[in-house]
Structure formats: structure tokens, C-alpha cells
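To start, the structure under review is shown below, and the notes come after it.
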Amino acid sequence: MSGRAVAAPGARHAPSALELERRAFRKRQGYRSVAVSLVSTLVFVGVVVLVLRATPGWPRVADAFFDPEAAWRSLPRVLEGLWLNVRVLLVASVGVVLMALLVASVRTLRGPVFFPLRALAAGYTDLFRGIPLIIVLYLVGFGIPGLRFFPRMDAAVWGTIALVLVYGAYVAEVFRAGIEAVHPSQRLAARGLGLSHGQTMRRVVLPQALRKVTPALMNDFVALQKDVGLISVLGAVDAVRAAQIETSRYYDFTPYVVAGLLFVLLALPMIRLTDWYSARVRAREQMGSVV
Amino acid sequence: MSEPVLRMSGVWCAFGDHEVLRGIDLEVHRHEVVALIGASGSGKSTLLRTANLLEHIDDGQIFLTGEDVSDPRVDGDAVRARIGTVFQSYNLFPHLSVLDNVTLAARVVHKRPRAEAEARGRELLASIGLAAKADAYPDTLSGGQQQRVAIVRAIATDPELLLLDEITSALDPELVGEVLDLVRSLKAGGATILMATHEMAFARDVADRVVFLDAGRVLEQGSPAEILVAPREPRTREFLARVLTH
Ligand SMILES: Nc1ncnc2c1ncn2[C@@H]1O[C@H](COP(=O)(O)OP(=O)(O)OP(=O)(O)O)[C@@H](O)[C@H]1O
Ligand SMILES: [Mg+2]
């Protein structure tokens, strides 16, 4: 190979003509794949739209679900409802993480003394991962207030508690899977340094476990984000309930579509963040190699 | 002289601002064993990774038996299928039995029938005295056994070139011997090997040529006697003085 520039020590290496040509080729390849995916996406969307418009019931569906006027009219109420969803979401997320950490830690305790605690934690995760969320909502939201033992509380509060119970069970299992995915030699190394079980968990195991399960956790968070809409079955006036009220008032389903779109908008940042984070973790673990 | 199996010409590789390889020119000929020596961080592992296209390069060319494999049009998987690689930390697949580890590439990449691949796999395991471990899982093997399985896995598909990256540095001293003996027998069988090593005695013993890498460049190369006994470059002398006193 001729014409290779050899940089003086300290100076940046100036790429050779061959390398520049290879870079240009890779760039062209990049443009080409972007163009291909762009065109195929457009074709796909075009086909879907054409097929939809060709269906016999399209005009009536368009009127009942995609009425711009109804959408605008219902927007303030639905938005107001969504604010309740957001608040429930924030409180529930914190509750879920605390609950899950507690349960996962209890499940990793060793020794016969802790058997009842471990069994309780295992029973909890089995139970609440098994029952449909809507049934938990009914049982907690209508059953517990019916005991007349607790002071009267808003339906949204009971809804939040139900969400924490169900999602806590799922997330606890995610944590546990992460804890078990940390190689046993790490635990041995930490105990070998004289750290206690608790210190080993806190300083060595949990930090690695969390890193491993963060994408799965973010995914559960996105699921929670839309399931907060289910508290409407308890009568809490959230976005879904508000849409229902608007719908029955004008005999038009558009408010539901509005609520659905708002939920998607709410979830989008988190979904993107999840993608970005997974890509970053992958980049770091691959040590810069190209495969 | 015939076309070298591996030829690197002016290879550069940088991570951000850190230029790790700074114009590497290197040839490995058929049936030749080349030992790559140099201080920690001098770029030995990086050089081996660029040679089988596991690492990007920022300039230069890499030829495998005359074919320019650094051309972006070249299919890297097909290139790597022709090269065997053994890493410092074995990297056996823990979810596969020893035999499945050895036969994986033959079955999945080279599409050989399972019976044929396994017959060859068992033969290779027998040649290193591990026939009885064929159905065991890697975690139940000693470090030396795992590393020998890793080497056998790399040669199971008869690669044109074998890249070995400090294959003994994670091993107990008493296990080093069995792994080095295996490399000796590969050399006797006519293998073409490029290996990074810290074992100077071993390099002197089996290598046809020793290459001293310093700060991302080939500073000096020659026969083991020339490089390890009477190096010309002061940097090489300095390095050898440091490693040989240990
Ligand atoms: N993926 C990467 N990202 C950033 N820097 C890297 C990367 N891989 C290697 N390096 C840097 O490149 C340099 C050479 O690393 P390399 O592993 O090739 O050294 P080595 O000669 O094999 O050393 P050793 O004898 O310790 O194995 C080091 O300074 C290292 O920090
Ligand atoms: Mg190395």
C-alpha cells in the first residue's frame, strides 16, 4: 500500500486514501439502508390507510371514533383525569420499588430461622402474579373499605395500593432474577473480604443486579403506566373514566381515542429511554468490539 | 516466498483519542509460529482482535491468504470461520457440554452433520486425554482442562490460522505445562499460529519468530535467539530485563 501517512508521535494519524474510500463506502451503505427502510415504511403505512378507507363501515367508524370536534371538546376533562393517573403512577412506582426490594431481599435470606418470612414472600409473589389485576382492584377497592376498619379514603388511593401489590410481586421477581444472575464468585469474593450478608447484598450484589435488570424494570414501568388507567373501575375520575363520561354524554367514542393517545404520549419518553439505556449497556459490555 | 497466511499492513486502531495500534506491519507464514511479546497495554490483544475482525481498524489493511479482509464488503463471519481464536479466560459456553462446545462451530457454521462433527470432536478430546469429559459441563473442569478444551474447540474446524491470546496467564503454574504441550503438538502438526504470550521460555522454545510490540508498533522482530537473547533495541532490552527477573 502506498501513500500511507505516518504521523509524527503525538500528532493525530491522518487516514490514508484507502481508509477514506472505505469510510465513504460505509457511509453510502448507511444511506442506502436508511432509504430502504424509509420507503418500506411509507409503503406499509400507505397500504394500511388504503385498506382501511376501502372497508364498507369506514365512514361511520371515522365519525364515531375520529371526530375532531368531539376530541377537542373532551380534551380538557380527559387531561384533568390524566393528571390523576400521573400522580397515581408516581406514588405507585415508589411503592412498587420499595415493596419489591423488601420481598426480593427476604427471599434471598438464608438459614432456617427465616423460613416463615421466605415462605410468606414466596406466597405473596405467587398469589399476586397469579390473580388478574382487575380482580385485585375489585377486592382491594371495594372489599377493604367494606370492612369499615380503615378511615374513608379516595378510590384512587385503593387503586394505588392494588397496583403496588400486583406490580410489587412482578418486580420482586425481576429483582430476584437479577440477584441470582450475579455470579456466585462475586458473593464469595465479598464474603471473603469479611463483608456480612447484608453488606454483600447492598455493596456488591444489588448494584450489579440492578444494572442487569434495569431494562426489564423500565419495561414493567411502561406496563404500569398504562395499567394506572384501570383504577377507573373503582370510580376514580382518571383519564379513562373522564373519557367514559364524555362518551356517554355525546354518544361518540372519540374521547377514548383521545385518552389512548394521551397514554401513548405519556409512555413514549420512557420507552425511548429504555431503548437508549439498553443500547448503552450493550455498547459498554461489548468492549468496543465490532460484533 | 508463498503468500503469507496473515499479512497486516499499516494497521491503525484508536479508541477515542487513544491510538492503540499505530501502523502495524506483520506477516505470519504457513506453518509458522509467531510469538507476540510486549508490555501490558502495548496492544497485543487488540492486534489479535483486529486480525480476526472482532475489532474495528482506523486504517491499513489485513490480508488472509492474500484476500483483503479489511474491505467493508467482506463478510466478517466468513473470515472468522477460517480463523481459530483462544482467549485468555477460556470463554467456554457454560450451558453446553464439553463436546457441544467443541462441535458447535462445525455444526452451526460449517453445517457438518452432527455425527461427523461429534466423531471428530471425540477424537480431538481423546487426543488431549479428555475423552471421558465429553458430556461434562465446563464448570466441572479444571482451568487447564478448560483451556485445552477451548484450544480444541478453536481447531475443530481446521482453521487456516490460530490466534492465541495469553492462553496460560489465567492458569496455575502446574497447569501451564499441559496447555503449552498442546500448543507444541499443534506446531508439530503444522498449524499456523500467532500468539500473544508472557511466557518467554515458551516463546524461545516453540516460536519461529518473536515480535516485540511497543506502544502500538512493531519495534523489533526476529528469531527467538535474536530478540530474546540479543535484542538491538534498548526498549526491548528494558522489557526483557523486567520480565526475565521475575
Ligand atoms: N474497547 C476498548 N476501549 C478503550 N480502550 C481500549 C479498549 N480495548 C483496549 N483498550 C486499550 O488499548 C490498550 C491496549 O490494550 P490491549 O488489551 O491490546 O493490551 P495488551 O498488550 O493485550 O495488554 P496485556 O498484556 O495486559 O493483555 C490499553 O491501553 C487498553 O486500555
Ligand atoms: Mg492482552
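Every chain in the C-alpha cells takes a letter, A first, then B, and so on in the order presented; its residues are numbered from 1, and the ligands are numbered from 1 following the presented order.
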Need to verify the contact set: region 171-174 of chain A, 9 Å, only C-alpha atoms, exclusion of same-chain residues closer than 3 positions in sequence. Can you return it as a ChimeraX atom specification?
/A:96-97,99-105,125,166-168,177-179,213,216-217,220
Close residues to ligand 1 using only C-alpha atoms and all ligand atoms, limit 10 Å, as a VMD selection string
(chain A and resid 283 to 290) or (chain B and resid 13 to 21 36 to 50 55 to 56 88 165 to 166 169 196 to 198 213 to 216)
As a count of residues only, could you give me every residue of chain B near chain A (at most 8 Å apart, counting only C-alpha atoms)?
12
So, with only C-alpha atoms as the atoms that count, which of B:Pro94, B:Gly84, B:Gly222, B:Gly189 lies closest to Arg204 (chain B)?
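For Arg204 (chain B), the nearest of the given residues is B:Gly222.
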Using only C-alpha atoms and all ligand atoms, which of B:Leu164, B:Ala201, B:Glu220, B:Arg22 sits nearest ligand 2?
B:Leu164
Can you pull out every residue within 8 Å of Ala156 (chain A), counting only C-alpha atoms, but drop anything in the same chain fewer than 2 positions away, and send it as a PyMOL selection string?
chain A and resi 88+154+158-160+231+234+236
Applying 12 Å and only C-alpha atoms, which residues near Glu160 (chain B) remain after dropping the ones on its own chain fewer than 6 positions away? List them as a VMD selection string.
chain B and resid 4 to 6 28 to 32 52 64 to 65 79 to 85 154 190 to 194
Just want the 9 Å neighbourhood of Ser70 (chain B), counted on only C-alpha atoms, with same-chain residues fewer than 4 positions away dropped. Output as a PyMOL selection string.
chain B and resi 53+57+60-63+74+76
With N, CA and C atoms retained, write the just-selected residues as a JSON list (two decimals), in the first residue's frame.
```json
[["chain", "number", "residue", "atom", "x", "y", "z"],
["B", 53, "LEU", "N", -11.05, -9.54, 12.86],
["B", 53, "LEU", "CA", -12.14, -8.59, 12.61],
["B", 53, "LEU", "C", -13.13, -8.50, 13.77],
["B", 57, "ILE", "N", -10.74, -1.27, 12.63],
["B", 57, "ILE", "CA", -9.45, -0.62, 12.41],
["B", 57, "ILE", "C", -9.70, 0.75, 11.79],
["B", 60, "GLY", "N", -5.22, 1.09, 7.28],
["B", 60, "GLY", "CA", -4.40, -0.07, 6.95],
["B", 60, "GLY", "C", -5.21, -1.21, 6.38],
["B", 61, "GLN", "N", -4.51, -2.32, 6.12],
["B", 61, "GLN", "CA", -5.16, -3.46, 5.51],
["B", 61, "GLN", "C", -4.76, -4.76, 6.19],
["B", 62, "ILE", "N", -5.68, -5.71, 6.16],
["B", 62, "ILE", "CA", -5.41, -7.03, 6.71],
["B", 62, "ILE", "C", -5.71, -8.05, 5.63],
["B", 63, "PHE", "N", -4.73, -8.90, 5.32],
["B", 63, "PHE", "CA", -4.92, -9.90, 4.28],
["B", 63, "PHE", "C", -4.90, -11.29, 4.90],
["B", 74, "VAL", "N", -16.37, -7.27, 2.67],
["B", 74, "VAL", "CA", -16.09, -8.66, 3.04],
["B", 74, "VAL", "C", -16.96, -9.08, 4.22],
["B", 76, "GLY", "N", -17.46, -10.55, 7.54],
["B", 76, "GLY", "CA", -16.58, -10.86, 8.66],
["B", 76, "GLY", "C", -16.81, -12.25, 9.24]]
```
How many Å separate CA of Arg187 (chain A) from CA of Ala136 (chain B)?
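These atoms are spaced 25.0 Å apart.
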